[in-house]
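Heads up, the thing below is written out as structure tokens.
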Amino acid sequence: MEGHGLWHDLCTSVILHLFLLLQTHTSVIWEIQTVPIVIGEDVNLKCIVPTGACQINNTKQWTGGKGYKLLGLNGYSTDISKYAMKVNKSELSFELIVKQFSEDDANREYTCLCGKEQYTNMLMLNTTDYIRVPLEDNIIVKSYVDDYRMYLNLTIKNVHPLPICTLKYN
């Protein structure tokens with residue numbers, strides 16, 4: 001029965017090693033670095049790579065956006081007018097800069113990949129983390145005076161969040 005004890009110890013050791021491998025498995029994740037998101041300005045997404053999840057020389061890639069396509073690879077953008085990619089070798093992190101972020105860039109999946117590790121998530125706009133500043137053409141002011149009273153009508157289109165307006169008269 002001595003062989004049985006050795007076999008049992010070997011099986012226990014293999015199971016323990018597999019358990020530790022599963023417990024220490026790490027994965028990448030991306031986070032929005034530009035908060036709040038301002039429509040029309042650049043937005044940074046950062047792919048965070050835990051130690052051991054990916055090597056410095058592994059492929060680093062961003063995919064997603066409209067049409068879910070390749071956006072950047074190893075520090076190079078596939079469309080320099082819309083995207084830029086930065087690789088930080090000291091942190092094993094890399095970023096995707098979405099230039100002149102629009103509502104068309106939102107509510108879409110983005111994936112960062114490092115080696116065989118990847119993370120996909122929707123870049124969702126909600127009511128608290130983005131701002132849309134109205135263009136000058138979207139601000140309409142109408143005013144008139146009647147019987148010593150001034151009337152003012154201010155209309156603002158395509159704005160978020162809704163502004164709280166006050167009027168001061170001197």
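Residues are referred to by chain and number: the chain letter is A, B, ... according to the order shown in the structure tokens, the number counts from 1 in that chain, and ligands are numbered separately from 1 in the order shown.
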
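Shell of Pro134 of chain A at 7 Å, with only C-alpha atoms counted and residues fewer than 5 places along the chain excluded, is Lys157, Asn158 and Val159 of chain A.
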
Close residues, segment 113-122 of chain A itself excluded, 7 Å, only C-alpha atoms, min 5 positions apart in chain, as a PDB file with N, CA and C atoms, in the first residue's frame:
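Result written to around_8.pdb:
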```
ATOM      1  N   SER A  27      -6.433  38.714 -15.584  1.00  0.00           N
ATOM      2  CA  SER A  27      -6.974  39.133 -16.869  1.00  0.00           C
ATOM      3  C   SER A  27      -6.852  40.643 -16.996  1.00  0.00           C
ATOM      4  N   VAL A  28      -6.882  41.105 -18.223  1.00  0.00           N
ATOM      5  CA  VAL A  28      -6.843  42.547 -18.484  1.00  0.00           C
ATOM      6  C   VAL A  28      -8.234  43.143 -18.311  1.00  0.00           C
ATOM      7  N   ILE A  29      -8.278  44.438 -18.175  1.00  0.00           N
ATOM      8  CA  ILE A  29      -9.545  45.162 -18.091  1.00  0.00           C
ATOM      9  C   ILE A  29      -9.287  46.565 -18.644  1.00  0.00           C
ATOM     10  N   TRP A  30     -10.317  47.176 -19.236  1.00  0.00           N
ATOM     11  CA  TRP A  30     -10.144  48.570 -19.643  1.00  0.00           C
ATOM     12  C   TRP A  30     -11.075  49.456 -18.841  1.00  0.00           C
ATOM     13  N   ALA A  53       0.049  38.759 -16.578  1.00  0.00           N
ATOM     14  CA  ALA A  53      -1.034  38.480 -17.524  1.00  0.00           C
ATOM     15  C   ALA A  53      -0.562  38.577 -18.965  1.00  0.00           C
ATOM     16  N   CYS A  54       0.477  39.353 -19.196  1.00  0.00           N
ATOM     17  CA  CYS A  54       0.935  39.606 -20.556  1.00  0.00           C
ATOM     18  C   CYS A  54       2.399  40.028 -20.504  1.00  0.00           C
ATOM     19  N   ASN A  58       4.294  40.945 -26.150  1.00  0.00           N
ATOM     20  CA  ASN A  58       3.041  40.403 -26.680  1.00  0.00           C
ATOM     21  C   ASN A  58       2.290  41.455 -27.489  1.00  0.00           C
ATOM     22  N   THR A  59       1.438  40.974 -28.383  1.00  0.00           N
ATOM     23  CA  THR A  59       0.587  41.859 -29.182  1.00  0.00           C
ATOM     24  C   THR A  59      -0.356  42.634 -28.284  1.00  0.00           C
ATOM     25  N   LYS A  60      -0.460  43.929 -28.540  1.00  0.00           N
ATOM     26  CA  LYS A  60      -1.406  44.796 -27.834  1.00  0.00           C
ATOM     27  C   LYS A  60      -2.333  45.385 -28.884  1.00  0.00           C
ATOM     28  N   GLN A  61      -3.639  45.223 -28.655  1.00  0.00           N
ATOM     29  CA  GLN A  61      -4.593  45.560 -29.706  1.00  0.00           C
ATOM     30  C   GLN A  61      -5.881  46.116 -29.126  1.00  0.00           C
ATOM     31  N   TRP A  62      -6.477  47.070 -29.865  1.00  0.00           N
ATOM     32  CA  TRP A  62      -7.811  47.583 -29.574  1.00  0.00           C
ATOM     33  C   TRP A  62      -8.708  47.295 -30.772  1.00  0.00           C
ATOM     34  N   ASN A 107     -22.030  53.621 -26.680  1.00  0.00           N
ATOM     35  CA  ASN A 107     -22.945  52.475 -26.672  1.00  0.00           C
ATOM     36  C   ASN A 107     -22.506  51.416 -27.680  1.00  0.00           C
ATOM     37  N   ARG A 108     -21.191  51.213 -27.723  1.00  0.00           N
ATOM     38  CA  ARG A 108     -20.576  50.206 -28.596  1.00  0.00           C
ATOM     39  C   ARG A 108     -19.546  49.425 -27.790  1.00  0.00           C
TER      40      ARG A 108
END
```

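Residues within 8 Å of Thr155 of chain A, counting only C-alpha atoms and excluding same-chain residues fewer than 6 positions away, are Asn138, Ile139, Ile140 and Val141 of chain A.
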
Write down as an MDAnalysis selection string the residues belonging to segment 2-170 of chain A that are assigned strand (DSSP E or B) by DSSP computed on the backbone.
chainID A and resid 29:32 37:38 43:48 60:64 69:73 76:77 83:88 93:98 108:114 117:123 130:132 139:146 149:156 160

For the atom pair atom CA of Thr63 of chain A and atom CA of Thr34 of chain A, what is the interatomic distance in Å to one decimal place?
18.8 Å

Could you check which of A:Ile48, A:Ile164, A:Leu125, A:Cys112 is closest to Leu73 of chain A, using only C-alpha atoms?
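Of all the options, A:Cys112 lies closest to Leu73 of chain A.
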
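Running DSSP on the backbone gives helix (DSSP H, G or I) for these residues within segment 72-158 of chain A: Glu103, Asp104, Asp105, Glu136, Asp137 and Asn138 of chain A.
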
Based on the selection just made, write C-alpha atoms of those residues as a PDB file, in the first residue's frame.
```pdb
ATOM      1  CA  GLU A 103     -22.471  59.844 -29.694  1.00  0.00           C
ATOM      2  CA  ASP A 104     -21.694  57.495 -32.589  1.00  0.00           C
ATOM      3  CA  ASP A 105     -18.665  56.232 -30.596  1.00  0.00           C
ATOM      4  CA  GLU A 136     -23.585  78.243 -31.083  1.00  0.00           C
ATOM      5  CA  ASP A 137     -26.141  77.334 -33.779  1.00  0.00           C
ATOM      6  CA  ASN A 138     -28.115  75.401 -31.148  1.00  0.00           C
TER       7      ASN A 138
END
```

Using only C-alpha atoms, which protein or nucleic acid residues come within 12 Å of Tyr76 of chain A? Drop anything in the same chain fewer than 3 positions from it, and give the result as a list in words.
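Everything that qualifies: Thr59, Lys60, Gln61, Trp62, Leu70, Leu71, Gly72, Leu73, Asp79, Ile80, Tyr83, Ala84, Met85, Lys86, Val87, Phe94, Glu95, Leu96 and Ile97 of chain A.
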
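Remark: for Pro163 of chain A, the closest of the candidate residues A:Cys47, A:Ile56, A:Leu92, A:Ile131 is A:Ile131 (distances computed over only C-alpha atoms).
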
One-decimal distance in Å that lies between atom CA of Leu135 of chain A and atom CA of Gly64 of chain A:
27.9 Å

Pick out the closest residue to Val133 of chain A from this set: A:Gly52, A:Asn170, A:Ser93, A:Ser102. Count only C-alpha atoms.
A:Ser102

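Relative to atom CA of Leu154 of chain A, atom CA of Lys142 of chain A is found at 6.5 Å.
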